[in-house]
$ cat upload_8.cif   # mmCIF, C-alpha atoms
data_coords
#
loop_
_atom_site.label_atom_id
_atom_site.label_comp_id
_atom_site.auth_asym_id
_atom_site.auth_seq_id
_atom_site.Cartn_x
_atom_site.Cartn_y
_atom_site.Cartn_z
CA MET A 1 16.65 -14.58 -20.92
CA SER A 2 14.25 -11.84 -22.05
CA SER A 3 15.40 -8.24 -22.33
CA THR A 4 14.58 -5.62 -19.75
CA PHE A 5 12.20 -4.04 -22.25
CA ASP A 6 10.39 -7.35 -22.76
CA GLN A 7 10.00 -7.84 -19.04
CA ILE A 8 8.60 -4.32 -18.62
CA ALA A 9 6.26 -4.75 -21.57
CA ASN A 10 4.95 -8.02 -20.15
CA ILE A 11 4.35 -6.37 -16.77
CA ILE A 12 2.48 -3.48 -18.39
CA ALA A 13 0.40 -5.80 -20.56
CA GLU A 14 -0.61 -7.87 -17.56
CA THR A 15 -1.13 -5.00 -15.11
CA CYS A 16 -3.03 -2.66 -17.43
CA ASP A 17 -4.70 -5.18 -19.72
CA ILE A 18 -3.01 -3.66 -22.78
CA PRO A 19 -2.37 -6.00 -25.73
CA ARG A 20 1.31 -6.99 -25.58
CA ASP A 21 1.86 -6.45 -29.30
CA THR A 22 0.89 -2.76 -29.03
CA ILE A 23 3.65 -2.09 -26.51
CA LYS A 24 6.82 -0.99 -28.33
CA PRO A 25 10.23 0.24 -27.16
CA GLU A 26 9.31 3.69 -28.50
CA SER A 27 5.93 3.74 -26.71
CA HIS A 28 5.44 6.52 -24.17
CA ALA A 29 3.78 4.98 -21.13
CA ILE A 30 1.51 7.98 -20.56
CA ASP A 31 1.02 9.57 -23.97
CA ASP A 32 0.84 6.41 -26.10
CA LEU A 33 -0.36 3.71 -23.72
CA GLY A 34 -2.60 5.91 -21.56
CA ILE A 35 -1.21 4.59 -18.30
CA ASP A 36 -2.33 6.76 -15.40
CA SER A 37 -0.54 7.39 -12.12
CA LEU A 38 -2.41 4.68 -10.23
CA ASP A 39 -1.64 2.04 -12.83
CA PHE A 40 1.95 3.21 -12.90
CA LEU A 41 2.15 2.68 -9.16
CA ASP A 42 1.07 -0.91 -9.71
CA ILE A 43 3.62 -1.27 -12.51
CA ALA A 44 6.35 0.21 -10.31
CA PHE A 45 5.62 -2.36 -7.62
CA ALA A 46 5.87 -5.19 -10.16
CA ILE A 47 9.10 -3.77 -11.65
CA ASP A 48 10.67 -3.21 -8.21
CA LYS A 49 9.88 -6.81 -7.31
CA ALA A 50 11.00 -8.29 -10.62
CA PHE A 51 14.36 -6.50 -10.65
CA GLY A 52 15.00 -6.20 -6.91
CA ILE A 53 15.29 -2.42 -7.09
CA LYS A 54 13.49 0.70 -5.91
CA MET A 55 12.72 2.91 -8.87
CA PRO A 56 13.16 6.53 -7.71
CA LEU A 57 9.79 7.67 -9.00
CA GLU A 58 9.59 10.68 -6.73
CA LYS A 59 13.02 11.91 -7.80
CA TRP A 60 12.14 11.44 -11.47
CA THR A 61 8.82 13.24 -11.03
CA GLN A 62 10.56 16.11 -9.29
CA GLU A 63 13.12 16.39 -12.09
CA VAL A 64 10.32 16.57 -14.65
CA ASN A 65 8.39 19.12 -12.61
CA ASP A 66 11.55 21.22 -12.20
CA GLY A 67 12.22 21.13 -15.94
CA LYS A 68 15.49 19.21 -15.42
CA ALA A 69 14.25 16.19 -17.33
CA THR A 70 11.56 15.34 -19.84
CA THR A 71 8.90 12.70 -19.39
CA GLU A 72 10.42 10.94 -22.44
CA GLN A 73 13.60 10.24 -20.49
CA TYR A 74 11.71 8.11 -18.00
CA PHE A 75 8.45 7.07 -19.63
CA VAL A 76 9.46 6.05 -23.16
CA LEU A 77 9.80 2.34 -22.50
CA GLN A 78 13.26 1.79 -23.97
CA ASN A 79 14.51 4.71 -21.87
CA LEU A 80 12.77 3.27 -18.82
CA ALA A 81 14.46 -0.08 -19.53
CA ASP A 82 17.83 1.70 -19.71
CA ARG A 83 17.18 3.43 -16.36
CA ILE A 84 16.26 0.08 -14.84
CA ASP A 85 19.43 -1.52 -16.19
CA GLU A 86 21.42 1.32 -14.57
CA LEU A 87 19.67 0.76 -11.25
CA VAL A 88 20.31 -2.98 -11.38
CA ALA A 89 23.98 -2.37 -12.26
CA ALA A 90 24.34 0.11 -9.40
CA LYS A 91 22.76 -2.36 -7.02
CA ASN A 92 25.08 -5.15 -8.13
CA ALA A 93 28.11 -2.86 -7.78
CA ALA A 94 27.17 -1.79 -4.26
CA PRO A 95 29.22 -3.20 -1.37
CA GLY A 96 27.70 -6.43 -0.11
CA ALA A 97 25.76 -6.99 -3.32
CA MET B 1 -14.50 0.22 16.68
CA ASP B 2 -16.22 3.56 16.09
CA LEU B 3 -18.17 2.94 12.90
CA ASP B 4 -19.80 6.35 12.88
CA HIS B 5 -16.43 8.07 12.59
CA PHE B 6 -14.76 5.35 10.53
CA GLN B 7 -12.22 4.79 13.29
CA LEU B 8 -12.01 1.04 13.12
CA ILE B 9 -8.96 0.19 15.20
CA ASP B 10 -9.26 0.02 18.99
CA ARG B 11 -5.74 -0.77 20.12
CA ILE B 12 -2.31 -1.68 18.92
CA VAL B 13 -1.23 -4.97 20.44
CA ASP B 14 2.23 -5.14 18.91
CA LEU B 15 4.30 -3.01 16.56
CA ASN B 16 7.56 -4.53 15.37
CA LEU B 17 9.40 -2.05 13.15
CA ASP B 18 12.39 -4.38 12.66
CA GLU B 19 10.14 -7.07 11.21
CA LYS B 20 7.87 -4.42 9.67
CA LYS B 21 4.66 -5.83 11.05
CA ILE B 22 1.83 -4.85 13.34
CA THR B 23 -0.96 -6.57 15.25
CA VAL B 24 -4.06 -4.64 16.29
CA GLU B 25 -7.45 -5.41 17.78
CA ALA B 26 -10.87 -4.12 16.86
CA GLN B 27 -14.12 -4.92 18.59
CA VAL B 28 -17.11 -5.09 16.29
CA PRO B 29 -20.03 -3.30 18.00
CA ALA B 30 -22.78 -5.57 19.24
CA VAL B 31 -25.39 -3.09 18.03
CA HIS B 32 -25.25 -0.61 15.15
CA SER B 33 -27.67 0.67 12.53
CA ILE B 34 -25.49 -0.87 9.80
CA PHE B 35 -26.63 -4.28 10.95
CA GLU B 36 -30.27 -3.32 10.52
CA GLY B 37 -29.75 -3.28 6.78
CA HIS B 38 -26.82 -5.65 6.40
CA PHE B 39 -28.75 -7.90 6.79
CA PRO B 40 -32.18 -8.04 8.42
CA GLY B 41 -32.24 -11.24 10.47
CA PHE B 42 -28.64 -12.02 9.61
CA PRO B 43 -26.35 -9.18 10.73
CA ILE B 44 -22.78 -9.37 9.42
CA MET B 45 -19.95 -6.87 8.98
CA PRO B 46 -19.78 -5.51 5.41
CA GLY B 47 -16.71 -6.68 3.56
CA VAL B 48 -15.86 -3.10 2.63
CA LEU B 49 -15.51 -2.24 6.33
CA LEU B 50 -13.36 -5.30 6.97
CA THR B 51 -11.18 -4.21 4.06
CA GLU B 52 -11.00 -0.72 5.53
CA ALA B 53 -10.00 -2.22 8.89
CA MET B 54 -7.11 -4.02 7.18
CA ALA B 55 -6.16 -0.75 5.46
CA GLN B 56 -6.21 1.22 8.72
CA SER B 57 -4.10 -1.44 10.44
CA SER B 58 -1.60 -1.26 7.59
CA GLY B 59 -1.74 2.52 7.82
CA TRP B 60 -0.62 2.49 11.45
CA LEU B 61 2.26 0.20 10.53
CA LEU B 62 3.32 2.56 7.75
CA LEU B 63 3.01 5.62 9.99
CA GLY B 64 5.40 3.89 12.38
CA LEU B 65 7.86 2.95 9.66
CA LEU B 66 7.66 6.51 8.25
CA LYS B 67 7.97 8.04 11.72
CA PHE B 68 4.80 10.03 11.10
CA GLU B 69 6.58 12.08 8.44
CA ARG B 70 4.12 11.07 5.74
CA MET B 71 0.54 9.95 5.62
CA PRO B 72 -0.44 6.73 3.84
CA PHE B 73 -3.51 7.05 1.61
CA LEU B 74 -5.32 3.99 0.28
CA ALA B 75 -4.69 3.47 -3.43
CA ILE B 76 -5.15 -0.16 -4.48
CA VAL B 77 -6.79 -3.20 -2.89
CA LYS B 78 -5.96 -6.56 -4.41
CA GLU B 79 -6.96 -10.07 -3.61
CA ALA B 80 -9.43 -9.00 -0.93
CA LYS B 81 -10.91 -12.24 0.34
CA MET B 82 -13.84 -12.51 2.75
CA ARG B 83 -13.39 -16.04 4.01
CA GLY B 84 -16.19 -16.16 6.56
CA TYR B 85 -18.90 -14.11 8.23
CA VAL B 86 -18.01 -11.57 10.91
CA SER B 87 -20.85 -10.96 13.35
CA PRO B 88 -21.72 -8.13 15.74
CA GLY B 89 -19.76 -8.27 18.99
CA GLN B 90 -16.80 -10.27 17.68
CA LEU B 91 -13.22 -9.29 18.43
CA LEU B 92 -10.99 -8.94 15.38
CA THR B 93 -7.25 -9.48 15.49
CA ILE B 94 -5.64 -7.83 12.49
CA ASP B 95 -2.08 -8.48 11.33
CA ALA B 96 -0.36 -6.40 8.68
CA LYS B 97 3.11 -6.76 7.24
CA LEU B 98 5.06 -4.56 4.87
CA GLU B 99 5.47 -6.28 1.54
CA HIS B 100 7.36 -3.53 -0.28
CA GLU B 101 8.32 0.08 0.22
CA GLY B 102 8.69 1.84 -3.08
CA SER B 103 9.33 5.46 -3.98
CA GLY B 104 6.21 7.28 -2.81
CA PHE B 105 4.20 4.13 -2.23
CA ALA B 106 4.10 1.05 -0.04
CA VAL B 107 2.41 -2.34 -0.25
CA THR B 108 1.21 -4.40 2.69
CA LYS B 109 -0.44 -7.74 3.24
CA ALA B 110 -3.08 -7.90 5.94
CA LYS B 111 -5.21 -10.55 7.59
CA ILE B 112 -8.15 -10.54 9.98
CA ARG B 113 -8.61 -13.39 12.41
CA ILE B 114 -11.23 -14.15 15.01
CA GLY B 115 -9.41 -16.31 17.49
CA LYS B 116 -7.37 -18.59 15.27
CA GLU B 117 -9.81 -18.53 12.41
CA LEU B 118 -8.73 -16.54 9.35
CA LYS B 119 -11.63 -14.39 8.15
CA CYS B 120 -10.19 -11.95 5.61
CA SER B 121 -6.99 -11.14 3.75
CA ALA B 122 -5.83 -8.58 1.21
CA GLU B 123 -2.85 -6.97 -0.46
CA ILE B 124 -3.08 -3.21 -0.09
CA THR B 125 -1.14 -0.41 -1.78
CA PHE B 126 -0.84 3.09 -0.35
CA GLY B 127 0.41 6.36 -1.76
CA LEU B 128 2.68 8.09 0.75
CA ALA B 129 2.20 11.84 0.86
CA PRO B 130 3.21 14.72 3.11
CA PHE B 131 0.45 15.52 5.59
CA PRO B 132 -1.87 17.75 3.55
CA ASP B 133 -3.05 19.68 6.61
CA PRO B 134 -1.48 20.20 10.04
CA ALA B 135 -4.85 19.36 11.61
CA LEU B 136 -4.61 15.85 10.23
CA ARG B 137 -1.19 15.36 11.80
CA VAL B 138 -2.54 16.59 15.14
CA HIS B 139 -5.47 14.20 14.83
CA MET B 140 -3.20 11.25 14.02
CA ASP B 141 -0.98 12.03 17.01
CA ALA B 142 -4.03 12.11 19.29
CA LYS B 143 -5.43 8.93 17.80
CA ALA B 144 -2.05 7.22 18.12
CA ASN B 145 -2.05 8.02 21.80
CA GLU B 146 -5.63 6.78 22.16
CA ILE B 147 -4.99 3.37 20.60
CA GLY B 148 -1.69 2.79 22.37
CA PHE B 149 0.71 3.46 19.53
CA PRO B 150 4.19 2.88 21.01
CA LEU B 151 5.69 6.25 20.17
CA GLN B 152 8.97 5.22 21.82
CA ALA B 153 9.38 2.70 18.99
CA ILE B 154 9.88 5.52 16.50
CA THR B 155 11.89 7.91 18.67
CA HIS B 156 14.63 5.67 20.07
CA ASP B 157 17.07 6.12 17.19
#
$ encode --input "upload_8.cif" --output "structure tokens"
Amino acid sequence: MSSTFDQIANIIAETCDIPRDTIKPESHAIDDLGIDSLDFLDIAFAIDKAFGIKMPLEKWTQEVNDGKATTEQYFVLQNLADRIDELVAAKNAAPGA
Amino acid sequence: MDLDHFQLIDRIVDLNLDEKKITVEAQVPAVHSIFEGHFPGFPIMPGVLLTEAMAQSSGWLLLGLLKFERMPFLAIVKEAKMRGYVSPGQLLTIDAKLEHEGSGFAVTKAKIRIGKELKCSAEITFGLAPFPDPALRVHMDAKANEIGFPLQAITHD
């Protein structure tokens, strides 16, 4: 089974037509890969579907805008993979999961 | 269908918020200047307008699901397929279903039929934003009333 990072990287490569081998765990989705908000929306849909979650993009954006978080925390891909793993774990731990 | 004002939906036939789907109708005008150019001697509805009709149908569904607290704005159209000609005077039945509600966006799948014949389909993504101007909210309320939006469906709980 591929890692969360690999799954995200594959989604980004396919959605944004970025060569897969240029997408690294340390890549920043915006600063390094040049992904814009519209493409990220498409990526979010694919990630939500693939992992059965709802990434809280609005909450994350608000935290960045309020200075409570940095874009690196959410948009460096290994960090994004960690956030996704947390969301999946929380979903699996929820009653009725 | 009021092509001059880009108001493409005539009436809501069914809105099912539990199943997250909507059915609407739209009557293509028998006469309009669009058909003089598209195309002379062979008038058909432009695919871009049929796509917009699917987007507006999806928009009404999303407004219902969001209880008119946010406005859906068209962001992405995928897999838009024009499967057959749509001619002046034809009645469109448009079905839209929520595919996914994400954080600040939603994805629908929509279809246009004439009778039982499938004419168009698409997957459509919307950004969901607070109403940018109170006038828009007032307009949407008035339009909802005009096309038979079942407001009781969003106020019962």
$ closest_residue --input "upload_8.cif" --among "A:Pro19, A:Gly52, A:Pro25, A:Gly34" --to "Lys91 of chain A" --atoms "all atoms listed in the file"
A:Gly52
$ resolve_selection --input "upload_8.cif" --expression "the PyMOL selection byres ((chain B) within 10 of (chain A))" --output "count of residues only"
14
$ closest_residue --input "upload_8.cif" --among "B:Lys21, B:Arg137, B:Lys78, B:His32" --to "Leu61 of chain B" --atoms "only C-alpha atoms"
B:Lys21
$ residues_around --input "upload_8.cif" --residues "segment 49-52 of chain B" --least-positions-apart "4" --cutoff "9 Å" --atoms "all atoms listed in the file" --output "list in words"
Leu3, Phe6, Leu8, Met45, Gln56, Ser57, Val77, Ala80, Lys81, Met82, Val86, Ile112, Cys120, Ser121 and Ala122 of chain B
$ atom_distance --input "upload_8.cif" --atom1 "atom CA of Tyr85 of chain B" --atom2 "atom CA of Gly47 of chain B"
9.0 Å
$ atom_distance --input "upload_8.cif" --atom1 "atom CA of Phe42 of chain B" --atom2 "atom CA of Asp4 of chain B"
20.6 Å
$ atom_distance --input "upload_8.cif" --atom1 "atom CA of Met54 of chain B" --atom2 "atom CA of Ala110 of chain B"
5.7 Å
$ resolve_selection --input "upload_8.cif" --expression "the PyMOL selection byres ((chain B and resi 91) around 10)" --output "PyMOL selection string"
chain B and resi 1+25-29+86-90+92-94+112-115
$ residues_around --input "upload_8.cif" --residues "Glu69 of chain B" --least-positions-apart "4" --cutoff "9 Å" --atoms "only C-alpha atoms" --output "ChimeraX atom specification"
/B:63,129-131
$ resolve_selection --input "upload_8.cif" --expression "the PyMOL selection byres ((chain A and resi 11) around 12)" --output "ChimeraX atom specification"
/A:4-10,12-20,23,39-40,42-51,77
$ write_last_selection --input "upload_8.cif" --atoms "C-alpha atoms" --output "PDB file, in the coordinates of the input"
ATOM      1  CA  THR A   4      14.580  -5.620 -19.750  1.00  0.00           C
ATOM      2  CA  PHE A   5      12.200  -4.040 -22.250  1.00  0.00           C
ATOM      3  CA  ASP A   6      10.390  -7.350 -22.760  1.00  0.00           C
ATOM      4  CA  GLN A   7      10.000  -7.840 -19.040  1.00  0.00           C
ATOM      5  CA  ILE A   8       8.600  -4.320 -18.620  1.00  0.00           C
ATOM      6  CA  ALA A   9       6.260  -4.750 -21.570  1.00  0.00           C
ATOM      7  CA  ASN A  10       4.950  -8.020 -20.150  1.00  0.00           C
ATOM      8  CA  ILE A  12       2.480  -3.480 -18.390  1.00  0.00           C
ATOM      9  CA  ALA A  13       0.400  -5.800 -20.560  1.00  0.00           C
ATOM     10  CA  GLU A  14      -0.610  -7.870 -17.560  1.00  0.00           C
ATOM     11  CA  THR A  15      -1.130  -5.000 -15.110  1.00  0.00           C
ATOM     12  CA  CYS A  16      -3.030  -2.660 -17.430  1.00  0.00           C
ATOM     13  CA  ASP A  17      -4.700  -5.180 -19.720  1.00  0.00           C
ATOM     14  CA  ILE A  18      -3.010  -3.660 -22.780  1.00  0.00           C
ATOM     15  CA  PRO A  19      -2.370  -6.000 -25.730  1.00  0.00           C
ATOM     16  CA  ARG A  20       1.310  -6.990 -25.580  1.00  0.00           C
ATOM     17  CA  ILE A  23       3.650  -2.090 -26.510  1.00  0.00           C
ATOM     18  CA  ASP A  39      -1.640   2.040 -12.830  1.00  0.00           C
ATOM     19  CA  PHE A  40       1.950   3.210 -12.900  1.00  0.00           C
ATOM     20  CA  ASP A  42       1.070  -0.910  -9.710  1.00  0.00           C
ATOM     21  CA  ILE A  43       3.620  -1.270 -12.510  1.00  0.00           C
ATOM     22  CA  ALA A  44       6.350   0.210 -10.310  1.00  0.00           C
ATOM     23  CA  PHE A  45       5.620  -2.360  -7.620  1.00  0.00           C
ATOM     24  CA  ALA A  46       5.870  -5.190 -10.160  1.00  0.00           C
ATOM     25  CA  ILE A  47       9.100  -3.770 -11.650  1.00  0.00           C
ATOM     26  CA  ASP A  48      10.670  -3.210  -8.210  1.00  0.00           C
ATOM     27  CA  LYS A  49       9.880  -6.810  -7.310  1.00  0.00           C
ATOM     28  CA  ALA A  50      11.000  -8.290 -10.620  1.00  0.00           C
ATOM     29  CA  PHE A  51      14.360  -6.500 -10.650  1.00  0.00           C
ATOM     30  CA  LEU A  77       9.800   2.340 -22.500  1.00  0.00           C
TER      31      LEU A  77
END
$ closest_residue --input "upload_8.cif" --among "B:Lys97, B:Lys111, B:His139, B:Lys119" --to "Gly84 of chain B" --atoms "only C-alpha atoms"
B:Lys119
$ closest_residue --input "upload_8.cif" --among "A:Val76, A:Thr61, A:Thr70, A:Ser2" --to "Asp31 of chain A" --atoms "only C-alpha atoms"
A:Val76
$ closest_residue --input "upload_8.cif" --among "B:Gln7, B:Ser58, B:Thr155, B:Ser33" --to "Thr108 of chain B" --atoms "all atoms listed in the file"
B:Ser58
